[in-house]
Structure formats: C-alpha cells, structure tokens
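Engineer: Next comes start-v7.tsv, TSV, C-alpha atoms and all ligand atoms:
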chain	number	residue	atom	x	y	z
A	1	MET	CA	136.34	165.29	-131.35
A	2	LEU	CA	132.72	165.26	-132.43
A	3	TYR	CA	131.79	166.88	-135.71
A	4	PRO	CA	129.51	169.87	-134.98
A	5	ASN	CA	126.56	168.22	-136.70
A	6	MET	CA	127.27	164.93	-134.90
A	7	ARG	CA	127.13	166.84	-131.61
A	8	GLU	CA	123.79	168.31	-132.71
A	9	LEU	CA	122.55	164.89	-133.73
A	10	LEU	CA	123.46	163.40	-130.36
A	11	SER	CA	121.95	166.22	-128.34
A	12	GLU	CA	118.76	165.96	-130.39
A	13	ARG	CA	118.72	162.20	-129.72
A	14	PHE	CA	119.13	162.78	-125.95
A	15	ALA	CA	116.44	165.48	-125.99
A	16	LEU	CA	114.07	163.01	-127.70
A	17	ASP	CA	114.95	160.29	-125.15
A	18	ASP	CA	114.30	162.76	-122.33
A	19	GLU	CA	110.98	163.78	-123.81
A	20	PHE	CA	109.98	160.13	-124.20
A	21	ALA	CA	111.13	159.23	-120.66
A	22	SER	CA	109.40	162.17	-118.99
A	23	ALA	CA	106.15	161.61	-120.93
A	24	VAL	CA	106.12	157.91	-119.98
A	25	ILE	CA	107.01	158.52	-116.31
A	26	GLY	CA	104.45	161.36	-116.13
A	27	GLY	CA	101.74	159.20	-117.75
A	28	LEU	CA	102.37	156.18	-115.53
A	29	SER	CA	102.32	158.37	-112.40
A	30	ARG	CA	98.69	159.44	-112.91
A	31	PRO	CA	95.74	157.81	-111.10
A	32	GLN	CA	94.49	156.63	-114.55
A	33	LYS	CA	97.77	155.62	-116.14
A	34	THR	CA	98.18	156.92	-119.71
A	35	LEU	CA	100.72	156.91	-122.53
A	36	PRO	CA	100.63	159.47	-125.36
A	37	CYS	CA	99.66	157.70	-128.58
A	38	ARG	CA	102.35	159.41	-130.69
A	39	PHE	CA	104.81	156.95	-129.13
A	40	PHE	CA	103.14	154.03	-130.94
A	41	TYR	CA	105.05	154.95	-134.07
A	42	ASP	CA	108.55	153.53	-133.83
A	43	ALA	CA	109.63	151.54	-136.92
A	44	ARG	CA	107.67	148.44	-135.83
A	45	GLY	CA	104.64	150.52	-134.80
A	46	SER	CA	104.53	152.22	-138.20
A	47	GLU	CA	104.69	148.78	-139.87
A	48	LEU	CA	101.88	147.47	-137.67
A	49	PHE	CA	99.78	150.55	-138.44
A	50	GLU	CA	100.17	149.83	-142.17
A	51	GLU	CA	98.98	146.26	-141.50
A	52	ILE	CA	95.96	147.68	-139.65
A	53	THR	CA	95.04	149.78	-142.69
A	54	ARG	CA	94.68	146.56	-144.73
A	55	LEU	CA	92.47	144.70	-142.21
A	56	PRO	CA	88.91	143.87	-143.26
A	57	GLU	CA	87.54	145.39	-140.02
A	58	TYR	CA	89.46	148.67	-140.37
A	59	TYR	CA	87.16	150.54	-142.79
A	60	PRO	CA	88.67	154.09	-142.44
A	61	THR	CA	91.64	153.71	-144.78
A	62	ARG	CA	89.87	152.10	-147.73
A	63	THR	CA	86.83	154.38	-147.33
A	64	GLU	CA	88.88	157.58	-147.20
A	65	THR	CA	91.03	156.37	-150.11
A	66	ALA	CA	87.89	155.91	-152.24
A	67	ILE	CA	86.66	159.40	-151.28
A	68	LEU	CA	90.03	160.90	-152.24
A	69	LYS	CA	90.04	159.06	-155.57
A	70	ALA	CA	86.52	160.28	-156.39
A	71	HIS	CA	87.17	163.95	-155.50
A	72	ALA	CA	90.91	164.56	-155.86
A	73	LEU	CA	90.46	167.21	-158.53
A	74	ASP	CA	88.03	169.21	-156.38
A	75	MET	CA	90.34	168.89	-153.41
A	76	ILE	CA	93.42	170.28	-155.12
A	77	ASP	CA	91.71	173.06	-157.06
A	78	GLY	CA	92.89	176.48	-155.93
A	79	LEU	CA	96.49	175.33	-155.43
A	80	PRO	CA	98.38	177.14	-158.20
A	81	ASP	CA	101.34	175.73	-160.12
A	82	GLY	CA	104.45	176.21	-158.01
A	83	GLY	CA	102.47	175.60	-154.80
A	84	VAL	CA	103.43	173.35	-151.89
A	85	LEU	CA	101.57	170.37	-150.44
A	86	VAL	CA	102.15	170.06	-146.67
A	87	GLU	CA	101.08	166.82	-144.99
A	88	PHE	CA	100.86	166.34	-141.22
A	89	GLY	CA	101.34	162.79	-139.85
A	90	SER	CA	102.08	161.54	-143.36
A	91	GLY	CA	103.05	157.95	-142.41
A	92	SER	CA	103.43	155.91	-145.60
A	93	SER	CA	102.11	158.80	-147.81
A	94	LEU	CA	100.10	156.26	-149.81
A	95	LYS	CA	96.93	158.39	-149.90
A	96	THR	CA	99.03	161.39	-150.89
A	97	GLU	CA	99.83	159.76	-154.21
A	98	ILE	CA	96.19	160.27	-155.21
A	99	LEU	CA	96.64	164.05	-154.88
A	100	LEU	CA	100.18	164.07	-156.28
A	101	GLN	CA	98.99	162.45	-159.52
A	102	GLN	CA	96.89	165.57	-160.10
A	103	LEU	CA	99.66	168.02	-159.17
A	104	PRO	CA	102.43	167.72	-161.79
A	105	GLN	CA	103.54	171.34	-161.31
A	106	LEU	CA	103.93	171.17	-157.54
A	107	CYS	CA	107.02	172.97	-156.22
A	108	ALA	CA	107.49	170.62	-153.25
A	109	TYR	CA	105.79	168.07	-151.02
A	110	VAL	CA	106.57	168.60	-147.31
A	111	MET	CA	105.81	165.56	-145.12
A	112	ILE	CA	105.89	165.85	-141.34
A	113	ASP	CA	105.87	162.81	-139.07
A	114	VAL	CA	107.33	161.62	-135.76
A	115	SER	CA	108.28	158.32	-137.41
A	116	GLN	CA	111.63	158.58	-139.12
A	117	ALA	CA	111.19	155.05	-140.49
A	118	ALA	CA	107.85	155.91	-142.11
A	119	LEU	CA	109.28	159.06	-143.69
A	120	ALA	CA	112.31	157.19	-145.05
A	121	GLY	CA	110.14	154.46	-146.60
A	122	ALA	CA	107.75	157.01	-148.14
A	123	LYS	CA	110.59	159.13	-149.53
A	124	GLN	CA	112.13	156.11	-151.28
A	125	ARG	CA	108.85	155.04	-152.86
A	126	LEU	CA	107.90	158.58	-153.93
A	127	ALA	CA	111.33	159.06	-155.55
A	128	ARG	CA	110.56	156.04	-157.76
A	129	ARG	CA	106.95	157.00	-158.56
A	130	PHE	CA	107.45	160.79	-158.92
A	131	PRO	CA	111.12	161.24	-159.92
A	132	ALA	CA	110.73	165.00	-160.57
A	133	LEU	CA	109.04	165.73	-157.23
A	134	ASP	CA	110.94	167.69	-154.57
A	135	VAL	CA	110.13	165.74	-151.38
A	136	ARG	CA	111.01	167.38	-148.03
A	137	PRO	CA	110.65	165.10	-145.00
A	138	ILE	CA	110.53	166.75	-141.56
A	139	VAL	CA	110.86	164.47	-138.51
A	140	GLY	CA	108.95	166.10	-135.67
A	141	ASP	CA	105.82	166.58	-133.64
A	142	PHE	CA	103.17	168.43	-135.64
A	143	SER	CA	101.63	169.88	-132.46
A	144	PHE	CA	104.42	172.44	-132.24
A	145	PRO	CA	104.54	175.23	-134.79
A	146	VAL	CA	106.35	173.61	-137.70
A	147	GLY	CA	108.85	175.85	-139.44
A	148	LEU	CA	108.59	175.18	-143.17
A	149	PRO	CA	111.84	175.36	-145.14
A	150	ASP	CA	112.71	179.05	-145.82
A	151	ASP	CA	112.54	178.74	-149.60
A	152	LEU	CA	108.94	177.42	-149.44
A	153	ARG	CA	107.45	179.78	-146.87
A	154	ALA	CA	106.12	182.41	-149.28
A	155	ARG	CA	104.51	179.89	-151.66
A	156	ALA	CA	100.82	178.98	-151.82
A	157	LYS	CA	100.20	175.98	-149.58
A	158	LEU	CA	97.64	173.22	-149.32
A	159	GLY	CA	97.56	171.33	-146.02
A	160	PHE	CA	96.65	167.64	-145.96
A	161	PHE	CA	95.78	165.76	-142.76
A	162	PRO	CA	94.08	162.49	-143.68
A	163	GLY	CA	93.47	159.32	-141.67
A	164	SER	CA	91.33	160.92	-138.93
A	165	THR	CA	94.54	161.43	-136.95
A	166	ILE	CA	92.78	164.57	-135.63
A	167	GLY	CA	90.52	162.09	-133.76
A	168	ASN	CA	93.49	160.94	-131.67
A	169	LEU	CA	93.43	164.31	-129.89
A	170	THR	CA	90.82	165.53	-127.41
A	171	PRO	CA	88.54	168.22	-128.87
A	172	VAL	CA	90.43	170.90	-126.90
A	173	GLU	CA	93.78	169.66	-128.23
A	174	ALA	CA	92.28	169.36	-131.72
A	175	VAL	CA	91.24	173.04	-131.74
A	176	HIS	CA	94.74	174.00	-130.65
A	177	LEU	CA	96.27	171.81	-133.38
A	178	LEU	CA	94.02	173.32	-136.05
A	179	ARG	CA	95.24	176.77	-134.97
A	180	VAL	CA	98.87	175.61	-135.23
A	181	PHE	CA	98.15	174.35	-138.76
A	182	ARG	CA	96.51	177.66	-139.71
A	183	THR	CA	99.72	179.46	-138.74
A	184	ALA	CA	101.90	176.94	-140.61
A	185	LEU	CA	99.80	177.33	-143.78
A	186	ALA	CA	99.35	181.14	-143.59
A	187	PRO	CA	98.59	183.52	-145.20
A	188	HIS	CA	95.85	181.86	-147.30
A	189	GLY	CA	95.85	178.32	-146.01
A	190	ARG	CA	93.53	175.61	-147.13
A	191	LEU	CA	93.35	172.25	-145.37
A	192	ILE	CA	91.95	168.91	-146.56
A	193	ILE	CA	91.32	166.87	-143.44
A	194	GLY	CA	89.82	163.43	-142.83
A	195	ALA	CA	87.51	162.73	-139.88
A	196	ASP	CA	85.94	159.40	-139.02
A	197	LEU	CA	82.16	159.61	-138.56
A	198	LYS	CA	79.99	158.44	-135.66
A	199	LYS	CA	78.45	155.01	-136.21
A	200	ASP	CA	77.28	151.82	-134.60
A	201	ALA	CA	79.48	151.09	-131.56
A	202	ARG	CA	79.87	147.38	-132.46
A	203	ARG	CA	81.35	148.23	-135.84
A	204	LEU	CA	83.73	150.70	-134.19
A	205	VAL	CA	84.93	148.24	-131.56
A	206	LEU	CA	85.60	145.57	-134.21
A	207	ALA	CA	87.71	148.08	-136.17
A	208	TYR	CA	89.91	148.52	-133.08
A	209	ASP	CA	89.91	144.90	-131.91
A	210	ASP	CA	90.43	142.84	-135.06
A	211	ARG	CA	90.28	139.07	-135.21
A	212	ALA	CA	93.88	138.68	-136.39
A	213	GLY	CA	95.18	140.57	-133.34
A	214	VAL	CA	97.12	143.19	-135.32
A	215	THR	CA	95.68	146.11	-133.32
A	216	ALA	CA	96.53	144.23	-130.10
A	217	ALA	CA	100.14	143.88	-131.31
A	218	PHE	CA	100.18	147.60	-132.25
A	219	ASN	CA	98.97	148.55	-128.76
A	220	LEU	CA	101.39	146.21	-126.92
A	221	ASN	CA	104.31	147.35	-129.09
A	222	VAL	CA	104.49	150.60	-127.13
A	223	LEU	CA	105.52	148.57	-124.06
A	224	ALA	CA	108.22	146.82	-126.10
A	225	ARG	CA	109.46	150.24	-127.20
A	226	ILE	CA	109.57	151.48	-123.59
A	227	ASN	CA	111.53	148.36	-122.58
A	228	ARG	CA	114.01	148.76	-125.43
A	229	GLU	CA	114.52	152.53	-125.41
A	230	LEU	CA	114.09	153.32	-121.71
A	231	GLY	CA	115.29	150.05	-120.13
A	232	ALA	CA	111.95	149.20	-118.47
A	233	ASP	CA	110.90	145.63	-117.65
A	234	PHE	CA	107.28	145.38	-118.80
A	235	ASP	CA	106.20	141.75	-119.19
A	236	LEU	CA	104.16	142.02	-122.41
A	237	ALA	CA	102.41	138.71	-121.68
A	238	ALA	CA	101.02	140.23	-118.49
A	239	PHE	CA	99.00	142.90	-120.38
A	240	ARG	CA	95.98	142.48	-122.67
A	241	HIS	CA	94.69	144.81	-125.41
A	242	GLU	CA	91.22	146.28	-124.92
A	243	ALA	CA	89.14	148.58	-127.16
A	244	ILE	CA	85.90	150.10	-125.84
A	245	TYR	CA	83.49	152.73	-127.13
A	246	ASN	CA	82.93	155.55	-124.66
A	247	PRO	CA	79.55	157.04	-125.65
A	248	ARG	CA	79.84	159.98	-123.24
A	249	HIS	CA	82.93	161.25	-125.04
A	250	GLY	CA	82.04	159.80	-128.47
A	251	ARG	CA	85.38	158.03	-128.74
A	252	ILE	CA	87.03	154.65	-128.99
A	253	GLU	CA	89.49	154.13	-126.17
A	254	MET	CA	92.36	151.67	-126.32
A	255	HIS	CA	93.76	150.35	-123.07
A	256	LEU	CA	96.36	147.84	-121.93
A	257	VAL	CA	94.88	145.83	-119.07
A	258	SER	CA	97.16	144.42	-116.38
A	259	GLN	CA	96.42	140.70	-116.06
A	260	ALA	CA	97.74	140.45	-112.50
A	261	GLU	CA	98.96	142.53	-109.61
A	262	GLN	CA	102.48	143.45	-110.69
A	263	SER	CA	105.08	146.18	-110.72
A	264	VAL	CA	107.33	147.52	-113.42
A	265	SER	CA	110.60	149.37	-113.01
A	266	LEU	CA	111.72	152.22	-115.22
A	267	ARG	CA	114.72	154.49	-114.68
A	268	GLY	CA	114.90	153.71	-110.96
A	269	GLN	CA	111.16	154.14	-110.33
A	270	ARG	CA	108.62	151.38	-109.67
A	271	PHE	CA	105.07	151.53	-110.99
A	272	SER	CA	102.50	149.23	-109.38
A	273	PHE	CA	99.49	147.77	-111.17
A	274	GLN	CA	96.44	146.16	-109.61
A	275	ALA	CA	94.97	143.19	-111.50
A	276	GLY	CA	92.55	144.70	-114.04
A	277	GLU	CA	94.08	148.19	-113.85
A	278	THR	CA	94.61	149.78	-117.26
A	279	ILE	CA	96.98	152.06	-119.13
A	280	HIS	CA	94.90	154.29	-121.42
A	281	THR	CA	96.94	154.38	-124.62
A	282	GLU	CA	94.73	156.03	-127.28
A	283	ASN	CA	91.51	157.92	-127.94
A	284	SER	CA	89.93	157.96	-131.36
A	285	TYR	CA	87.10	160.51	-131.43
A	286	LYS	CA	84.26	160.10	-133.91
A	287	TYR	CA	82.49	163.25	-135.09
A	288	SER	CA	79.28	164.02	-136.91
A	289	ILE	CA	79.79	166.39	-139.85
A	290	ASP	CA	78.21	169.24	-137.85
A	291	GLN	CA	80.35	168.57	-134.80
A	292	PHE	CA	83.51	168.57	-136.87
A	293	GLN	CA	82.62	171.79	-138.67
A	294	GLN	CA	81.91	173.39	-135.30
A	295	LEU	CA	85.33	172.25	-134.06
A	296	ALA	CA	86.97	173.79	-137.16
A	297	ARG	CA	85.11	177.06	-136.63
A	298	SER	CA	86.37	177.18	-133.02
A	299	ALA	CA	89.88	177.26	-134.49
A	300	ASP	CA	88.92	180.11	-136.90
A	301	TRP	CA	88.73	177.93	-140.00
A	302	LEU	CA	85.81	178.28	-142.41
A	303	ALA	CA	84.26	174.90	-143.08
A	304	GLN	CA	83.59	174.65	-146.82
A	305	ARG	CA	82.96	171.50	-148.85
A	306	VAL	CA	82.68	168.06	-147.29
A	307	TRP	CA	82.90	164.73	-149.08
A	308	THR	CA	81.70	161.42	-147.71
A	309	ASP	CA	80.98	157.85	-148.86
A	310	ASP	CA	77.57	156.31	-149.61
A	311	ASN	CA	77.49	154.56	-146.25
A	312	ALA	CA	78.42	157.71	-144.31
A	313	LEU	CA	81.37	156.00	-142.66
A	314	PHE	CA	84.02	158.70	-143.15
A	315	SER	CA	84.23	162.39	-144.03
A	316	VAL	CA	86.84	164.55	-145.75
A	317	HIS	CA	86.53	168.30	-145.10
A	318	GLU	CA	87.82	171.36	-146.89
A	319	LEU	CA	88.75	174.12	-144.45
A	320	VAL	CA	89.80	177.62	-145.49
A	321	ALA	CA	91.57	180.05	-143.17
A	322	GLY	CA	88.99	182.53	-141.90
B	401	LIG	N1	98.28	159.89	-142.79
B	401	LIG	C1	98.46	158.45	-142.86
B	401	LIG	C2	99.00	157.87	-141.52
B	401	LIG	C3	98.04	157.95	-140.36
B	401	LIG	S1	98.72	157.14	-138.94
B	401	LIG	C4	97.15	157.81	-143.22
B	401	LIG	O1	96.16	158.51	-143.32
B	401	LIG	O2	97.13	156.58	-143.41
B	401	LIG	C5	99.17	158.54	-137.98
B	401	LIG	C6	100.53	159.07	-138.42
B	401	LIG	O3	100.75	160.27	-137.69
B	401	LIG	C7	101.68	158.14	-138.10
B	401	LIG	O4	102.54	158.04	-139.20
B	401	LIG	C8	102.36	158.78	-136.91
B	401	LIG	O5	103.76	158.52	-136.87
B	401	LIG	C9	102.04	160.24	-137.10
B	401	LIG	N2	101.93	161.00	-135.86
B	401	LIG	C10	101.18	160.68	-134.77
B	401	LIG	N3	101.29	161.66	-133.84
B	401	LIG	C11	102.13	162.59	-134.38
B	401	LIG	C12	102.63	163.84	-133.92
B	401	LIG	N4	102.29	164.31	-132.70
B	401	LIG	N5	103.45	164.55	-134.72
B	401	LIG	C13	103.81	164.07	-135.95
B	401	LIG	N6	103.38	162.88	-136.43
B	401	LIG	C14	102.54	162.16	-135.66
B	402	LIG	C1	96.12	157.07	-136.78
B	402	LIG	N1	94.81	156.95	-136.16
B	402	LIG	C2	93.83	157.80	-136.80
B	402	LIG	C3	94.34	155.56	-136.01
B	402	LIG	C4	92.89	155.55	-135.45
B	402	LIG	O1	92.04	154.94	-136.09
B	402	LIG	O2	92.64	156.17	-134.43
B	402	LIG	C5	95.27	154.77	-135.11
B	402	LIG	C6	94.76	153.41	-134.81
B	402	LIG	N2	94.68	152.90	-133.60
B	402	LIG	C7	94.20	151.68	-133.69
B	402	LIG	N3	93.93	151.39	-134.92
B	402	LIG	C8	94.30	152.47	-135.67
Would you encode the structure as structure tokens?
Ligand code: SAH
Ligand code: AVI
Structural biologist:
Amino acid sequence: MLYPNMRELLSERFALDDEFASAVIGGLSRPQKTLPCRFFYDARGSELFEEITRLPEYYPTRTETAILKAHALDMIDGLPDGGVLVEFGSGSSLKTEILLQQLPQLCAYVMIDVSQAALAGAKQRLARRFPALDVRPIVGDFSFPVGLPDDLRARAKLGFFPGSTIGNLTPVEAVHLLRVFRTALAPHGRLIIGADLKKDARRLVLAYDDRAGVTAAFNLNVLARINRELGADFDLAAFRHEAIYNPRHGRIEMHLVSQAEQSVSLRGQRFSFQAGETIHTENSYKYSIDQFQQLARSADWLAQRVWTDDNALFSVHELVAG
C-alpha cells in the first residue's frame, strides 16, 4: 500500500509529466514550433544557467549584482522587522544574500522556483551562511497565484524578482504576472525587480551566443530533457543554437535550428522538420526605463525609485502596490 503522502507525491509527479508532455506536444505542433523556456531548468539546465552568469559576455548578472550591492539598504527600507522576503524564480539565490545581509530580523525567506535542484542547492548554502534564517522553498510555477505558507500570510512582505526573468515573458504575459505578484504580496506589497535595458544589438547577441558555447549547451539541454523525461528521440547533433535580436519586438530570441530535414517521435507522434526550420525556445525582452515603468503601471503598480549602472546596461525598479 502507498503511504498517503507517497500517493500525493506520485500523482504530483504524473501531473508535472503531463504538463510537460502537453506543453511540448502543443509547442511542436504550431506552425512556428516553440518550447516554453521554463523547461530549460532541470538540474543540468540550472547548472548551465549558473555557468552563463559567470561568462564574460553575459553582463546582466554582474551588473545587477553591483547595483544591488550599491543600493541594498535603500531597497530593503520599509520592510519592518518580522517581515518576509519573497523571491520569484530564485535559482541559486546568490543575489539574495546581498539583501539578506541587511535583514537580520527577517521572519522568513520564501523562495519560489520550478527547479527543485536549484532550490535544494540554495537552501543548503543559505543554511550555512545564515544559520538563524527560516528558509521556505516552494517548488512551482510563479505564474499561478502562489499560496504563501499560512503563518506568513499576514506579515509585511517584500517581493524580489531579479535577473530580468520578467523579460522572458511577452509584455502581455508580464503584465499578468505582475498582477499575480501584487496579489501574492498584498495588502501593501513592494517589489524590487530587475529589467535588462535596451542596448546595441551586437552586444546583446554576444551575451546570448558566447564563445565558449555555454548558452548553446543550455539551449540544447532542453532537447536532452525531452528525450530523457518524455522518451523522445531528438538527435542533439542535428540542431544548432541561434540567438538573434528582433528589433520589432525589442527582444533577443533563442532558437534551435534543424540542420537537416528530419523527424522526431514523441509519445507516438511524429514531428517533421525542414532543413533550417527552427524551434523558438526563449524570448528575452529589453526595456527602456520608461517602457518598463509603463508596463508596471498597466499592472496597477506604482513605479517609484529606479537604480541603474554607469553604463546604463541594467535597471532595478522599486514598485509599490497602487
Ligand atoms: N533569480 C536568479 C535566477 C534567474 S534564472 C538570478 O537573478 O540569477 C531564472 C530562474 O527562474 C531559474 O532558476 C528558473 O528555474 C526560474 N523559473 C523560470 N520560469 C519559472 C516559472 N514559470 N516559475 C518558477 N520559476 C521559474
Ligand atoms: C533567466 N533569464 C533572464 C535569462 C535571460 O537573460 O533571458 C536566461 C538566459 N537565456 C540565455 N542566457 C540567459
């Protein structure tokens, strides 16, 4: 007999598999084949993302980290002792440490991510660095209203969404997500959110197509995950990573380009690829400060302070629930 919680665990696992399978089959059935970028982050994908953050070409992480270090005190002011820090898409939680160092009286740090591996690694490291901190990992998709633990719901909350992960959503999806966050952080939410700034297209493309090929490996890893978890037969050598800047949409697009005419089977279905046909795997929107503040206002947030670096590469915004 299964233990009740084992039964729950298994049904959750099957629900996740089903969600993954139907998203992949749905995406590959479209005229422009797509895969949702949240599926990049299995254990290997989370590791590869951390490698990306250390690449010379990938300026966002080190730039945002420097902005956080310079302005951490301003960012956390207003969160009273006994408050809660809630991070969306927390990954390794490395940037979070900059805020945590200034928040010794925090009641709890809630970290939400789809990557169980990333949460487990972060929890272990934070337990060593901040032994008194109550860390609450939540494995899940932040696009759905996230129920905070009951005992934390009534406390003052500061939301944290660094990394420009907001840029991985279309503007329409981003407005919806910002509304979901407003509800999660109610009644008097404040959100510190990172957004990559518009800049020279060549610099952007290099950041997403590095010389060492780490971003290519990150992009191709999603096919390895589909093979492993859904039993597909993608030949990884038959696809090539591509990053382009789309000026009409103001976004970097990552694609996987089929190197030949081929077909792939997945759960009894066959998907055909022409030579040169692509799977669109990620968007990374770049906003001006004005554009981003406008986006926040569309989701009923008040755009307050904004911090940036001397080279205007990256921005960190303070939003207050309107
Ligand atoms: N905040 C970190 C990590 C950014 S990478 C930083 O700034 O460096 C993006 C993170 O968001 C990954 O850890 C990924 O697993 C997570 N993520 C992506 N889509 C998600 C979703 N829909 N729901 C929850 N987490 C998501
Ligand atoms: C997580 N996200 C903000 C990264 C980005 O820059 O869009 C993901 C990434 N994709 C390729 N390199 C990094």
Engineer: Could you give me, as a list in words, every polymer residue with an atom at most 7 Å away from an atom of ligand LIG 402 (chain B), counting only C-alpha atoms and all ligand atoms?
Structural biologist: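 Protein and nucleic-acid residues within 7 Å of ligand LIG 402 (chain B): Phe49, Ile52, Gly163, Ser164, Thr165, Ile166, Gly167, Asn168, Tyr208, Thr215, Asn283 and Ser284 of chain A.
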Engineer: Show me which residues are within 10 Å of ligand LIG 401 (chain B) counting only C-alpha atoms and all ligand atoms, and format the list as a ChimeraX atom specification.
Structural biologist: /A:36-43,45-47,49-50,52-53,60-62,64-65,87-96,111-119,138-144,146,160-166,168-169,177,193-194
Engineer: As AutoDock Vina command-line options, please: the centre and edge lengths in Å, to one decimal, of an axis-aligned box enclosing every listed atom of region 279-298 of chain A with 5 Å added on each side.
Structural biologist:
--center_x 87.6 --center_y 164.6 --center_z -129.5 --size_x 28.8 --size_y 35.1 --size_z 30.7
Engineer: For Asp235 (chain A), which residue out of A:Ala70, A:Leu103, A:Gln259, A:Asp309 is the nearest one, using all atoms listed in the file?
Structural biologist: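 Checking each of A:Ala70, A:Leu103, A:Gln259, A:Asp309 against Asp235 (chain A), counting all atoms listed in the file, the winner is A:Gln259.
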Engineer: Out of A:Val84, A:Ala66, A:Ala122, A:Leu191, which residue has the shortest atom-to-atom distance to Tyr109 (chain A) when counting only C-alpha atoms?
Structural biologist: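 Smallest distance to Tyr109 (chain A) is found for A:Val84.
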Engineer: I'd like the neighbourhood of His188 (chain A) as a ChimeraX atom specification, where a residue qualifies if any of its atoms comes within 9 Å (using all atoms listed in the file), though same-chain residues fewer than 2 positions away should be ignored.
Structural biologist: /A:156-157,182,185-186,190,320-322
Engineer: Hey, what's within 10 Å of Gln274 (chain A) if we count only C-alpha atoms and toss same-chain stuff fewer than 6 positions away? As a list in words, please?
Structural biologist: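 My list of contacting residues is Val257, Ser258, Gln259, Ala260, Glu261, Gln262 and Ser263 of chain A.
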Engineer: For CA of Leu204 (chain A) and CA of Glu242 (chain A), determine how far apart the two atoms are, in Å to one decimal place.
Structural biologist: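 These two atoms are separated by 12.7 Å.
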Engineer: Need the neighbours of (100.3, 155.4, -122.1): which residues are at most 7 Å away, counting only C-alpha atoms, as a list of chain:residue names?
Structural biologist: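 All residues meeting the 7 Å criterion around (100.3, 155.4, -122.1) are A:Val24, A:Gly27, A:Leu28, A:Lys33, A:Thr34, A:Leu35, A:Pro36, A:Cys37, A:Ile279, A:His280, A:Thr281.
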